[in-house]
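Dropping run-v5.cif in here (mmCIF, C-alpha atoms):
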data_coords
#
loop_
_atom_site.label_atom_id
_atom_site.label_comp_id
_atom_site.auth_asym_id
_atom_site.auth_seq_id
_atom_site.Cartn_x
_atom_site.Cartn_y
_atom_site.Cartn_z
CA MET A 1 14.68 -42.86 17.73
CA ARG A 2 13.57 -41.46 21.09
CA THR A 3 16.74 -39.37 21.35
CA GLY A 4 16.08 -37.96 17.88
CA LEU A 5 12.51 -37.03 18.78
CA ILE A 6 13.63 -35.34 21.97
CA ALA A 7 16.26 -33.36 20.05
CA ALA A 8 13.73 -32.32 17.41
CA ALA A 9 11.29 -31.23 20.11
CA ALA A 10 14.03 -29.22 21.80
CA VAL A 11 14.83 -27.41 18.54
CA LEU A 12 11.14 -26.66 17.97
CA MET A 13 10.71 -25.36 21.51
CA ALA A 14 13.80 -23.18 21.17
CA GLY A 15 12.41 -21.72 17.97
CA LEU A 16 9.05 -20.99 19.57
CA THR A 17 10.75 -19.42 22.59
CA ALA A 18 12.80 -17.19 20.28
CA THR A 19 9.66 -16.17 18.38
CA VAL A 20 7.88 -15.20 21.60
CA ALA A 21 10.91 -13.22 22.77
CA ASN A 22 11.17 -11.42 19.45
CA ALA A 23 7.45 -10.64 19.52
CA GLN A 24 8.01 -8.74 22.76
CA ASP A 25 10.96 -6.62 21.60
CA GLY A 26 8.86 -3.75 20.25
CA LYS A 27 9.81 -4.40 16.63
CA LEU A 28 7.39 -4.98 13.75
CA ARG A 29 6.68 -8.53 12.61
CA ILE A 30 5.94 -9.07 8.92
CA ILE A 31 5.09 -12.33 7.17
CA ALA A 32 4.82 -12.58 3.38
CA PHE A 33 3.29 -15.48 1.45
CA GLY A 34 4.26 -16.27 -2.12
CA ALA A 35 3.12 -19.23 -4.15
CA HIS A 36 6.64 -20.25 -5.23
CA PRO A 37 10.26 -19.81 -4.12
CA ASP A 38 10.74 -16.52 -6.00
CA ASP A 39 7.40 -14.71 -5.67
CA ASN A 40 8.10 -12.86 -2.43
CA GLU A 41 11.60 -12.02 -3.58
CA LEU A 42 10.25 -10.33 -6.72
CA ARG A 43 7.50 -8.35 -5.01
CA VAL A 44 8.66 -7.31 -1.56
CA ALA A 45 12.42 -7.95 -1.24
CA GLY A 46 13.22 -4.24 -1.24
CA THR A 47 10.76 -3.31 1.49
CA ALA A 48 11.77 -6.44 3.44
CA ALA A 49 15.41 -5.34 3.33
CA LYS A 50 14.42 -1.89 4.60
CA TRP A 51 12.43 -3.38 7.49
CA ALA A 52 15.26 -5.77 8.33
CA ALA A 53 17.84 -2.97 8.32
CA LEU A 54 15.80 -1.27 11.07
CA GLY A 55 15.74 -4.45 13.14
CA HIS A 56 12.19 -5.53 12.33
CA HIS A 57 11.38 -9.22 11.84
CA VAL A 58 10.45 -10.39 8.33
CA LYS A 59 9.56 -13.91 7.24
CA PHE A 60 8.99 -15.12 3.67
CA VAL A 61 6.90 -18.26 3.18
CA SER A 62 6.77 -20.09 -0.14
CA VAL A 63 3.53 -22.05 -0.01
CA THR A 64 4.68 -24.57 -2.63
CA ASN A 65 8.14 -26.05 -3.06
CA GLY A 66 8.46 -25.07 -6.75
CA ASP A 67 9.09 -28.67 -7.85
CA ILE A 68 7.92 -28.21 -11.47
CA GLY A 69 9.32 -24.72 -12.02
CA HIS A 70 12.10 -25.58 -14.48
CA TRP A 71 12.41 -26.77 -18.06
CA ARG A 72 15.14 -29.36 -17.38
CA GLU A 73 14.59 -30.71 -13.87
CA ALA A 74 11.73 -31.38 -11.49
CA GLY A 75 10.68 -33.21 -8.35
CA GLY A 76 12.72 -33.45 -5.17
CA PRO A 77 16.04 -32.28 -6.66
CA LEU A 78 14.45 -29.09 -7.99
CA ALA A 79 12.55 -28.48 -4.76
CA ARG A 80 15.80 -28.76 -2.80
CA ARG A 81 17.61 -26.50 -5.25
CA ARG A 82 14.95 -23.81 -5.03
CA THR A 83 14.85 -24.02 -1.24
CA ALA A 84 18.61 -23.47 -1.20
CA GLU A 85 18.18 -20.47 -3.52
CA VAL A 86 15.68 -18.69 -1.26
CA GLN A 87 17.80 -19.49 1.78
CA GLU A 88 20.57 -17.56 0.05
CA THR A 89 18.23 -14.63 -0.66
CA ALA A 90 17.23 -14.59 3.00
CA LYS A 91 20.89 -14.11 3.96
CA ILE A 92 21.17 -11.23 1.50
CA LEU A 93 18.03 -9.52 2.81
CA GLY A 94 18.55 -10.27 6.51
CA ILE A 95 15.26 -12.13 6.93
CA THR A 96 13.82 -15.58 7.70
CA THR A 97 12.46 -17.89 5.00
CA GLN A 98 10.42 -21.12 4.89
CA VAL A 99 9.34 -23.37 2.01
CA LEU A 100 6.28 -25.57 2.57
CA ASP A 101 6.38 -29.08 1.12
CA LEU A 102 3.37 -28.73 -1.18
CA HIS A 103 3.55 -29.50 -4.90
CA ASP A 104 3.97 -26.66 -7.37
CA GLY A 105 0.98 -26.31 -9.71
CA GLU A 106 -1.37 -28.25 -7.42
CA LEU A 107 -2.14 -25.77 -4.63
CA GLU A 108 -5.80 -25.43 -3.65
CA PRO A 109 -7.54 -23.23 -1.05
CA THR A 110 -8.52 -26.19 1.12
CA LEU A 111 -9.45 -26.18 4.80
CA ALA A 112 -6.18 -27.93 5.65
CA ASN A 113 -4.17 -25.25 3.84
CA ARG A 114 -6.22 -22.48 5.46
CA ARG A 115 -5.29 -23.92 8.84
CA THR A 116 -1.62 -23.99 7.85
CA ILE A 117 -1.63 -20.34 6.79
CA THR A 118 -3.56 -19.32 9.90
CA ARG A 119 -1.09 -21.10 12.19
CA LEU A 120 1.90 -19.54 10.45
CA ILE A 121 0.48 -16.02 10.86
CA ARG A 122 -0.29 -16.67 14.52
CA GLU A 123 3.07 -18.27 15.26
CA TRP A 124 4.84 -15.26 13.74
CA LYS A 125 2.57 -12.93 15.75
CA ALA A 126 2.28 -10.82 12.64
CA ASP A 127 1.58 -7.10 12.48
CA VAL A 128 1.55 -7.19 8.66
CA VAL A 129 0.64 -10.05 6.33
CA ILE A 130 1.31 -9.86 2.58
CA GLY A 131 0.28 -12.12 -0.30
CA HIS A 132 -1.01 -12.30 -3.85
CA ARG A 133 -4.39 -10.96 -4.86
CA PRO A 134 -6.96 -13.71 -5.53
CA ASN A 135 -7.17 -12.73 -9.22
CA ASP A 136 -3.99 -13.71 -11.04
CA TYR A 137 -2.78 -15.66 -14.06
CA HIS A 138 -1.33 -18.53 -12.03
CA PRO A 139 -3.65 -20.94 -10.15
CA ASP A 140 -1.15 -21.23 -7.29
CA HIS A 141 -1.05 -17.42 -6.95
CA ARG A 142 -4.84 -17.32 -6.86
CA ALA A 143 -4.92 -20.05 -4.24
CA VAL A 144 -2.45 -18.20 -2.00
CA GLY A 145 -4.48 -15.03 -2.39
CA GLN A 146 -7.63 -16.89 -1.36
CA LEU A 147 -5.92 -18.64 1.55
CA VAL A 148 -4.45 -15.43 2.95
CA GLN A 149 -7.76 -13.65 2.47
CA ASP A 150 -9.62 -16.47 4.24
CA ALA A 151 -7.14 -16.34 7.14
CA SER A 152 -7.53 -12.59 7.56
CA TYR A 153 -10.42 -12.99 9.99
CA MET A 154 -9.82 -16.53 11.25
CA VAL A 155 -6.48 -15.62 12.85
CA THR A 156 -8.50 -13.86 15.59
CA VAL A 157 -11.05 -16.66 16.19
CA PRO A 158 -10.04 -18.62 19.34
CA PHE A 159 -11.62 -21.97 18.46
CA PHE A 160 -10.32 -22.13 14.90
CA CYS A 161 -7.00 -23.99 15.16
CA PRO A 162 -7.18 -23.81 18.98
CA ASP A 163 -3.79 -25.55 19.20
CA THR A 164 -2.15 -22.24 18.17
CA PRO A 165 -3.02 -19.17 20.26
CA HIS A 166 -5.17 -16.71 18.32
CA LEU A 167 -4.15 -13.11 17.71
CA GLU A 168 -5.78 -10.50 19.93
CA HIS A 169 -5.50 -7.87 17.20
CA ASN A 170 -6.03 -8.45 13.51
CA PRO A 171 -2.94 -7.71 11.40
CA VAL A 172 -2.95 -5.40 8.41
CA PHE A 173 -3.29 -7.58 5.30
CA LEU A 174 -1.72 -6.38 2.05
CA SER A 175 -1.59 -7.60 -1.54
CA TYR A 176 1.25 -7.42 -4.03
CA GLU A 177 1.20 -5.23 -7.12
CA ASP A 178 -0.08 -6.84 -10.31
CA ASN A 179 -1.45 -5.74 -13.68
CA PHE A 180 -4.75 -7.66 -13.68
CA THR A 181 -7.96 -5.66 -14.02
CA ARG A 182 -10.80 -8.17 -13.59
CA PRO A 183 -12.80 -8.10 -11.42
CA ALA A 184 -10.93 -5.03 -10.10
CA PRO A 185 -7.56 -3.43 -10.81
CA PHE A 186 -4.78 -3.20 -8.23
CA GLN A 187 -5.01 -0.16 -5.90
CA PRO A 188 -1.62 1.34 -4.84
CA ASP A 189 -2.50 2.20 -1.25
CA ILE A 190 1.13 2.03 -0.10
CA VAL A 191 4.19 2.67 -2.30
CA VAL A 192 7.74 2.35 -0.98
CA ALA A 193 10.79 3.81 -2.72
CA ILE A 194 13.55 1.17 -2.69
CA ASP A 195 16.45 3.04 -4.32
CA ASP A 196 18.63 2.59 -1.23
CA VAL A 197 18.19 -1.22 -1.27
CA VAL A 198 17.75 -1.94 -4.96
CA GLU A 199 21.20 -3.54 -5.13
CA LYS A 200 20.13 -6.00 -2.44
CA LYS A 201 16.95 -6.77 -4.37
CA LEU A 202 18.91 -7.30 -7.58
CA ALA A 203 21.34 -9.54 -5.70
CA ALA A 204 18.37 -11.51 -4.36
CA VAL A 205 16.92 -12.19 -7.81
CA GLU A 206 20.40 -13.07 -9.10
CA ALA A 207 20.54 -15.67 -6.31
CA LEU A 208 17.59 -17.44 -7.98
CA PRO A 209 19.31 -18.65 -11.19
CA SER A 210 16.92 -21.54 -11.77
CA GLN A 211 14.12 -19.05 -12.33
CA PHE A 212 15.71 -16.09 -14.06
CA TYR A 213 19.14 -16.82 -15.50
CA GLU A 214 17.91 -20.24 -16.71
CA GLY A 215 14.32 -19.11 -17.34
CA GLY A 216 12.32 -21.34 -15.00
CA ALA A 217 9.51 -23.50 -16.35
CA ASN A 218 9.33 -21.65 -19.67
CA GLY A 219 13.06 -21.40 -20.31
CA GLY A 220 15.29 -23.68 -22.31
CA PRO A 221 18.92 -24.53 -23.06
CA GLN A 222 19.16 -21.57 -25.44
CA LEU A 223 19.17 -19.29 -22.38
CA VAL A 224 22.28 -20.91 -20.87
CA PRO A 225 25.37 -20.02 -22.95
CA ALA A 226 28.41 -22.29 -22.86
CA ASP A 227 31.04 -19.57 -23.24
CA GLU A 228 32.05 -17.05 -20.57
CA ALA A 229 31.21 -14.02 -22.70
CA GLY A 230 27.73 -15.39 -23.35
CA LYS A 231 27.19 -16.11 -19.67
CA ALA A 232 28.22 -12.58 -18.73
CA LYS A 233 25.87 -11.09 -21.32
CA ARG A 234 22.99 -13.28 -20.16
CA LYS A 235 23.55 -12.24 -16.55
CA SER A 236 23.70 -8.57 -17.57
CA ASP A 237 20.52 -8.86 -19.66
CA VAL A 238 18.62 -10.43 -16.75
CA ARG A 239 19.80 -7.73 -14.37
CA GLN A 240 18.86 -4.91 -16.74
CA GLY A 241 15.44 -6.45 -17.28
CA PHE A 242 14.76 -6.40 -13.56
CA GLU A 243 16.07 -2.87 -13.20
CA ARG A 244 13.49 -1.80 -15.80
CA ARG A 245 10.77 -3.79 -14.05
CA PHE A 246 11.45 -2.24 -10.64
CA ALA A 247 11.67 1.21 -12.22
CA ALA A 248 8.33 0.69 -13.96
CA SER A 249 6.61 0.44 -10.57
CA ALA A 250 8.00 3.83 -9.57
CA ASP A 251 6.81 5.39 -12.83
CA ARG A 252 3.41 3.71 -12.61
CA PHE A 253 2.76 5.01 -9.09
CA ARG A 254 4.59 8.32 -9.27
CA ALA A 255 1.63 10.29 -7.87
CA LYS A 256 1.52 8.04 -4.80
CA LEU A 257 5.27 8.40 -4.27
CA ARG A 258 4.83 12.18 -4.25
CA GLU A 259 2.03 11.80 -1.72
CA PHE A 260 4.18 9.77 0.69
CA TYR A 261 7.59 11.38 0.12
CA GLY A 262 6.74 14.87 -1.04
CA PRO A 263 7.15 16.23 -4.60
CA GLU A 264 10.96 16.42 -4.66
CA LYS A 265 11.75 12.99 -3.20
CA GLY A 266 8.74 11.41 -4.90
CA ASP A 267 9.95 12.56 -8.31
CA ALA A 268 13.53 11.50 -7.56
CA ALA A 269 12.63 7.89 -6.65
CA ARG A 270 13.74 5.48 -9.39
CA TYR A 271 12.53 2.14 -8.01
CA ALA A 272 9.49 1.18 -5.94
CA GLU A 273 7.27 -1.57 -4.56
CA ALA A 274 3.53 -1.16 -4.13
CA PHE A 275 0.87 -2.79 -1.97
CA GLU A 276 -2.91 -2.79 -1.72
CA ILE A 277 -4.65 -2.83 1.67
CA SER A 278 -7.09 -5.71 2.01
CA GLU A 279 -10.64 -4.92 3.01
CA TYR A 280 -10.69 -7.98 5.27
CA GLY A 281 -7.92 -7.24 7.76
CA ARG A 282 -7.38 -4.16 9.89
CA ARG A 283 -7.71 -0.93 7.93
CA PRO A 284 -4.82 1.33 9.00
CA ASN A 285 -5.13 5.09 9.01
CA ALA A 286 -2.41 7.38 7.70
CA ASP A 287 -0.55 7.47 11.03
CA GLU A 288 -0.52 3.68 11.34
CA ILE A 289 0.71 3.28 7.77
CA ARG A 290 3.68 5.46 8.67
CA ARG A 291 4.28 3.39 11.80
CA LEU A 292 4.19 0.12 9.86
CA PHE A 293 6.29 1.56 7.02
CA PRO A 294 8.80 3.71 8.92
CA PHE A 295 10.61 4.82 5.78
CA TYR A 296 8.68 7.95 4.92
CA PRO A 297 9.90 11.46 5.79
CA ALA A 298 8.21 13.18 8.73
CA LYS A 299 5.28 15.33 7.81
#

Re-express the file's structure as structure tokens.
Amino acid sequence: MRTGLIAAAAVLMAGLTATVANAQDGKLRIIAFGAHPDDNELRVAGTAAKWAALGHHVKFVSVTNGDIGHWREAGGPLARRRTAEVQETAKILGITTQVLDLHDGELEPTLANRRTITRLIREWKADVVIGHRPNDYHPDHRAVGQLVQDASYMVTVPFFCPDTPHLEHNPVFLSYEDNFTRPAPFQPDIVVAIDDVVEKKLAAVEALPSQFYEGGANGGPQLVPADEAGKAKRKSDVRQGFERRFAASADRFRAKLREFYGPEKGDAARYAEAFEISEYGRRPNADEIRRLFPFYPAK
């Protein structure tokens, strides 16, 4: 037992040492929080792949383990399956991923969970933090939005979670795109064209078959054909659906794409991801946005 504890402590210390070393390499550090093991992949996989390709450090955190997110299976087996799925997406995108062992559908913005989110942001030494907005159809999404929002000041407070060193500078906090309008609609403060990495993003969502090919919690056996032709058609239909979804973001925020990329490149962009700047973290100016999102053409 003692040998096992020593080994575990050594692994943890090695991980912390690597994090500190990475934090000093001059690269950006981004941490994204999704409620389930597919939320980050849907909303920021393209931008994450672009950051990673430039050597920046990106971590996805699923705040629940997704253990009720399927029509046929649940509990520990499903949680393990979904963790394996996002581990595969992390390989595709070139990032780090973590799934917290909290039950799907039961997440609440408690003090204990606020401490967990705060520690994760601090441990990653984040420059950018991304999550859901607090108004959303899913209670777990709303809870993540609230938790990230509540951490957006506390990460700098020394005697809140004093076991984890506080951040000297508040990160920029961002929210994912959504279509909800009450109490306020989503504001596209930052829009990133992802045409050059859309194949990676499509590969990432294809690596989550429990949620998309099989339909997740609201799917059913009718979505899983038995014959090879049916399977191929189902896979093609899912892919085309996501292509349309990612293209819709570019069309929705075309004016913002023109603003960031110029008229010609802004009009040419086919796929995009969009983010809203939180009022509670650091408010970046135009120059800092271009530093944090080093994908835009020089002015």

Can you list, as an MDAnalysis selection string, the residues that the PyMOL selection byres ((chain A and resi 89-91) around 12) selects here? chainID A and resid 37:42 45:46 48:49 52 57:61 82:88 92:99 200:209

Output file for the selection above: C-alpha atoms, as a compact mmCIF listing (two decimals), in the coordinates of the input:
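Output saved as selection.txt:
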# COMPACT_ATOMS: atom_id res chain seq x y z
CA PRO A 37 10.26 -19.81 -4.12
CA ASP A 38 10.74 -16.52 -6.00
CA ASP A 39 7.40 -14.71 -5.67
CA ASN A 40 8.10 -12.86 -2.43
CA GLU A 41 11.60 -12.02 -3.58
CA LEU A 42 10.25 -10.33 -6.72
CA ALA A 45 12.42 -7.95 -1.24
CA GLY A 46 13.22 -4.24 -1.24
CA ALA A 48 11.77 -6.44 3.44
CA ALA A 49 15.41 -5.34 3.33
CA ALA A 52 15.26 -5.77 8.33
CA HIS A 57 11.38 -9.22 11.84
CA VAL A 58 10.45 -10.39 8.33
CA LYS A 59 9.56 -13.91 7.24
CA PHE A 60 8.99 -15.12 3.67
CA VAL A 61 6.90 -18.26 3.18
CA ARG A 82 14.95 -23.81 -5.03
CA THR A 83 14.85 -24.02 -1.24
CA ALA A 84 18.61 -23.47 -1.20
CA GLU A 85 18.18 -20.47 -3.52
CA VAL A 86 15.68 -18.69 -1.26
CA GLN A 87 17.80 -19.49 1.78
CA GLU A 88 20.57 -17.56 0.05
CA ILE A 92 21.17 -11.23 1.50
CA LEU A 93 18.03 -9.52 2.81
CA GLY A 94 18.55 -10.27 6.51
CA ILE A 95 15.26 -12.13 6.93
CA THR A 96 13.82 -15.58 7.70
CA THR A 97 12.46 -17.89 5.00
CA GLN A 98 10.42 -21.12 4.89
CA VAL A 99 9.34 -23.37 2.01
CA LYS A 200 20.13 -6.00 -2.44
CA LYS A 201 16.95 -6.77 -4.37
CA LEU A 202 18.91 -7.30 -7.58
CA ALA A 203 21.34 -9.54 -5.70
CA ALA A 204 18.37 -11.51 -4.36
CA VAL A 205 16.92 -12.19 -7.81
CA GLU A 206 20.40 -13.07 -9.10
CA ALA A 207 20.54 -15.67 -6.31
CA LEU A 208 17.59 -17.44 -7.98
CA PRO A 209 19.31 -18.65 -11.19

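Residues selected in this file by the PyMOL selection byres ((chain A and resi 161-169) around 9) comprise Arg115, Thr118, Arg119, Ile121, Arg122, Glu123, Lys125, Ala126, Asp127, Met154, Val155, Thr156, Val157, Pro158, Phe159, Phe160, Asn170, Pro171 and Arg282 of chain A.
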
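Coordinates place CA of Ala255 in chain A at a distance of 21.6 Å from CA of Lys50 in chain A.
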
When distances are computed from all atoms listed in the file, which of A:Gly230, A:Gly131, A:Gly281, A:Gly262 shows the smallest separation from Lys299 in chain A?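 Answer, going by the shortest atom-to-atom distance: A:Gly262.
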
Selected by the PyMOL selection byres ((chain A and resi 231-239) around 10) in the shown coordinates: which residues, as a compact mmCIF listing (two decimals) with C-alpha atoms, keeping the file's coordinate frame?
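The result, written out as out-v5.txt:
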# COMPACT_ATOMS: atom_id res chain seq x y z
CA LEU A 202 18.91 -7.30 -7.58
CA ALA A 203 21.34 -9.54 -5.70
CA VAL A 205 16.92 -12.19 -7.81
CA GLU A 206 20.40 -13.07 -9.10
CA PRO A 209 19.31 -18.65 -11.19
CA PHE A 212 15.71 -16.09 -14.06
CA TYR A 213 19.14 -16.82 -15.50
CA GLU A 214 17.91 -20.24 -16.71
CA GLY A 215 14.32 -19.11 -17.34
CA LEU A 223 19.17 -19.29 -22.38
CA VAL A 224 22.28 -20.91 -20.87
CA PRO A 225 25.37 -20.02 -22.95
CA ALA A 226 28.41 -22.29 -22.86
CA ASP A 227 31.04 -19.57 -23.24
CA GLU A 228 32.05 -17.05 -20.57
CA ALA A 229 31.21 -14.02 -22.70
CA GLY A 230 27.73 -15.39 -23.35
CA GLN A 240 18.86 -4.91 -16.74
CA GLY A 241 15.44 -6.45 -17.28
CA PHE A 242 14.76 -6.40 -13.56
CA GLU A 243 16.07 -2.87 -13.20
CA ARG A 244 13.49 -1.80 -15.80
CA ARG A 245 10.77 -3.79 -14.05

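Our summary of the geometry notes that CA of Asn113 in chain A is positioned 27.4 Å from CA of Leu292 in chain A.
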